[in-house]
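Each remark here refers to the structure printed beneath this line.
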Amino acid sequence: MTPGLLLVLFVTLYPIVFAVNYSVMRTQVFKQLAFVGLENYVRLLADPRFHTNLLNSLFFVLVGVGLTWTFGLALALFLRRQTWGNTVLKTIVLVPWVTNQVVLALMWKWLLNGDFSPINYLLDLAGLPGVNPLISTVQALPTLTFVNAWRATGFSLLLMLAGLSAIPVEVEEAADIDGASRWKQIWYVIIPLLKPISLACIITLTISFFNIIVLPLDLTGGGPLNSTEVLSLRLYREGFQYYNIGTASAITLVLVGLDLVLSWVYFRMIRAETYYR
Amino acid sequence: MNRLRDSRTWVDVCRWVGVAVVGAIILTPFLWSLGTSLKGKEDILRMPPKLFPWPATVENYHGILTAGFPRYLLNSTIVAVCSSVVVVLVSIHAGYAAARYEFRGKSAMLFLILTGMAMGELSTVLPLYFFGSQLRILDTYGVLILANSAFIAPLAIWFLQGYFRSIPPQMEEAALIDGTTRAGALYRIVLPSALPGLVTVSLVSFIHSWNEFILALVLTSSGTMRTVPVGIHLFLTDYGVEWGSITAAGILSIVPVLALFLLLQRHFLRGLTAGATTGF
């Protein structure tokens, strides 16, 4: 009991107290020089690069979660029947999810590099111009977002399959008898019934996407020209490349705040949902 | 009748095409890297690219296995195994207490656990680094195991308490009446029936610690303490053009988790579904 609680304290109260404490200090590495109140926050809010970070994170998270959920649901509907081929494909979709992100980043980097990419070779054969999305300020962020959705689809697939297996067959049979088309059944029957598990999926993904670090760090390194520098990457840089612990702590609190608000919303919604039933 | 059968086969064909396309999208990066790792130096940077690594060579694997890579594998194994053991031991007891006892401060504890589940790893890195440097335990297995287990503990406790709740308490009560202690009831009656849940928790802990990057990067500094992901990351930044060795290292780092995952997949999915439907 107690060891468990101690471990939990390590990743909850301690970091929060630490970040609150350092975020109101002028710091030199870990030395606290002077109390400066909200100066670190004010500087961040006035910093155009921080605005870019926020916008990048928003795009990365909103589009990424949307894609991941849609892919997961589509695949789950597709793979519902327990056949041999479906089991194999389900396992395949889970492979990126259990692979570490450094390796995923290096694989995509190698696949998408401009000069030796097999994709460009095939495009060239088809008479199309080659691509090099990782060095384009416009294409890099969407590419990063897509790769991340590709990585996380296994997770949402698992949750959606679990959700689908809980829907009684009678519900769909009834819709079928009423003459609802397949699409209407999905839209009006299945998606609403999947709402609780979709919520769990979406919130978990949102939190984890806001906190992602390895994939952007190794796939694009925040570049080109900070066009893929998300909030978490900025935090890493402030903390461990520039050693601005005060600024890093302020960003940490922004992230923690986001995480906690999102989880709170989630539990409110879950409670409303169970009450409604 | 014939028309119907035709449309059946048509649907089946579409299904198989769909399966193949999705599988290809998922696997292409893996297969391309696997291919590269098996190519000789002169074949890797060839244009037009060779789609198949033929003649295949293991020189890339040989190269990294005779360099620092085995040490990284050893470090990752030690950290991942120890973290999983710590997490399982701790979360069994904490989860059981939360599932079966009422005590003061329980709701505060559950709230803390939920907060822990919501915290990103990144938010804990700075404080843990500071903590480690104060205690002078940076660059040791201990600090990595501590950091990893602390990070996974909230999820594991929450998951297991949900799982324990789904096990009917009557069996334990019967055992208690027969004179078993609480601990005896937990170890001999609850744990055997919670086996799928335990498998899930250990597997998630192992995979998470094996793949964990940011804590391992920040909390260690010497070459002999690096874990596999950190090693590959540094390799990527230091020698960004040696694609043969890098892809070989990447492939090797996937093999252990993938093997474990495939081996335990059925238990894992069963445990996850049971936990997910009762835990929330």
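If you're wondering about the labels, chains in the structure tokens are A, B, ... by order shown, residues count from 1 in each chain, ligands from 1 in order shown.
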
Just need the residues of chain A within 7 Å of chain B, counting only C-alpha atoms, so spit them out as a compact mmCIF listing (two decimals) with C-alpha atoms, in the first residue's frame.
```txt
# COMPACT_ATOMS: atom_id res chain seq x y z
CA MET A 1 0.00 0.00 0.00
CA PRO A 3 5.12 1.91 -1.46
CA GLY A 4 2.43 2.22 -4.09
CA LEU A 7 5.50 5.87 -6.19
CA VAL A 8 2.32 7.66 -7.17
CA PHE A 10 6.55 10.81 -7.27
CA VAL A 11 4.69 11.43 -10.50
CA THR A 12 1.88 13.61 -9.14
CA PRO A 15 6.36 17.29 -10.02
CA PHE A 18 8.35 21.39 -8.16
CA LEU A 89 -4.38 -7.96 -39.65
CA ILE A 92 -0.20 -6.25 -37.70
CA VAL A 93 -2.00 -3.00 -36.80
CA VAL A 98 4.40 -1.80 -29.32
CA THR A 99 7.42 -0.48 -31.21
CA ASN A 100 9.45 2.30 -29.65
CA VAL A 102 12.73 6.23 -31.89
CA VAL A 103 12.63 3.29 -34.27
CA MET A 107 12.00 4.11 -40.24
CA TRP A 108 9.81 6.90 -41.59
CA LEU A 111 11.37 5.85 -46.05
CA PHE A 116 17.00 7.38 -51.69
CA PRO A 118 11.63 3.98 -52.73
CA TYR A 121 11.44 5.99 -57.14
CA ALA A 162 -13.96 -4.01 -27.20
CA ILE A 207 -3.28 13.53 -23.33
CA SER A 208 -0.66 11.26 -24.82
CA ASN A 211 2.89 14.94 -24.23
CA THR A 252 5.23 22.05 -17.72
CA VAL A 256 -0.17 19.56 -16.67
CA ASP A 259 -3.88 17.13 -18.91
CA LEU A 260 -5.86 17.67 -15.73
CA SER A 263 -9.24 14.25 -17.54
```

Excluding Leu79 (chain A) and residues on its chain fewer than 5 positions from it, collect all residues at most 9 Å away from it, counting only C-alpha atoms, and give them as a PDB file with N, CA and C atoms, in the first residue's frame.
```
ATOM      1  N   ALA A  74     -13.040   2.562 -38.230  1.00  0.00           N
ATOM      2  CA  ALA A  74     -13.214   1.947 -39.548  1.00  0.00           C
ATOM      3  C   ALA A  74     -12.639   0.534 -39.555  1.00  0.00           C
ATOM      4  N   GLY A  85      -7.848 -14.174 -41.366  1.00  0.00           N
ATOM      5  CA  GLY A  85      -7.213 -12.990 -41.936  1.00  0.00           C
ATOM      6  C   GLY A  85      -7.356 -11.780 -41.023  1.00  0.00           C
ATOM      7  N   ASN A  86      -8.531 -11.629 -40.403  1.00  0.00           N
ATOM      8  CA  ASN A  86      -8.765 -10.489 -39.525  1.00  0.00           C
ATOM      9  C   ASN A  86      -7.854 -10.503 -38.308  1.00  0.00           C
ATOM     10  N   THR A  87      -7.664 -11.709 -37.726  1.00  0.00           N
ATOM     11  CA  THR A  87      -6.789 -11.807 -36.566  1.00  0.00           C
ATOM     12  C   THR A  87      -5.370 -11.393 -36.930  1.00  0.00           C
ATOM     13  N   LEU A  89      -4.450  -9.393 -39.385  1.00  0.00           N
ATOM     14  CA  LEU A  89      -4.375  -7.959 -39.649  1.00  0.00           C
ATOM     15  C   LEU A  89      -4.423  -7.163 -38.337  1.00  0.00           C
ATOM     16  N   LYS A  90      -5.234  -7.623 -37.387  1.00  0.00           N
ATOM     17  CA  LYS A  90      -5.316  -6.936 -36.097  1.00  0.00           C
ATOM     18  C   LYS A  90      -3.948  -6.922 -35.424  1.00  0.00           C
ATOM     19  N   LEU A 161     -12.875  -2.294 -30.833  1.00  0.00           N
ATOM     20  CA  LEU A 161     -13.303  -3.689 -30.927  1.00  0.00           C
ATOM     21  C   LEU A 161     -13.968  -4.111 -29.628  1.00  0.00           C
TER      22      LEU A 161
ATOM     23  N   VAL B  19      -7.779  -5.869 -46.614  1.00  0.00           N
ATOM     24  CA  VAL B  19      -6.823  -6.395 -45.638  1.00  0.00           C
ATOM     25  C   VAL B  19      -5.397  -6.200 -46.152  1.00  0.00           C
TER      26      VAL B  19
END
```

So which residues of region 3-174 of chain A fall under strand (DSSP E or B) by DSSP, listed as a PyMOL selection string? chain A and resi 25-28+31-35

Going by DSSP on the backbone, which residues of region 89-166 of chain A come out as helix (DSSP H, G or I)? List them as a PyMOL selection string. chain A and resi 89-98+101-112+118-125+133-135+140-165

For CA of Asp43 (chain B) and CA of Thr57 (chain B), the interatomic separation in Å (one decimal): 10.7 Å

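Picture a line from CA of Ser107 (chain B) to CA of Arg271 (chain A); it runs 15.9 Å.
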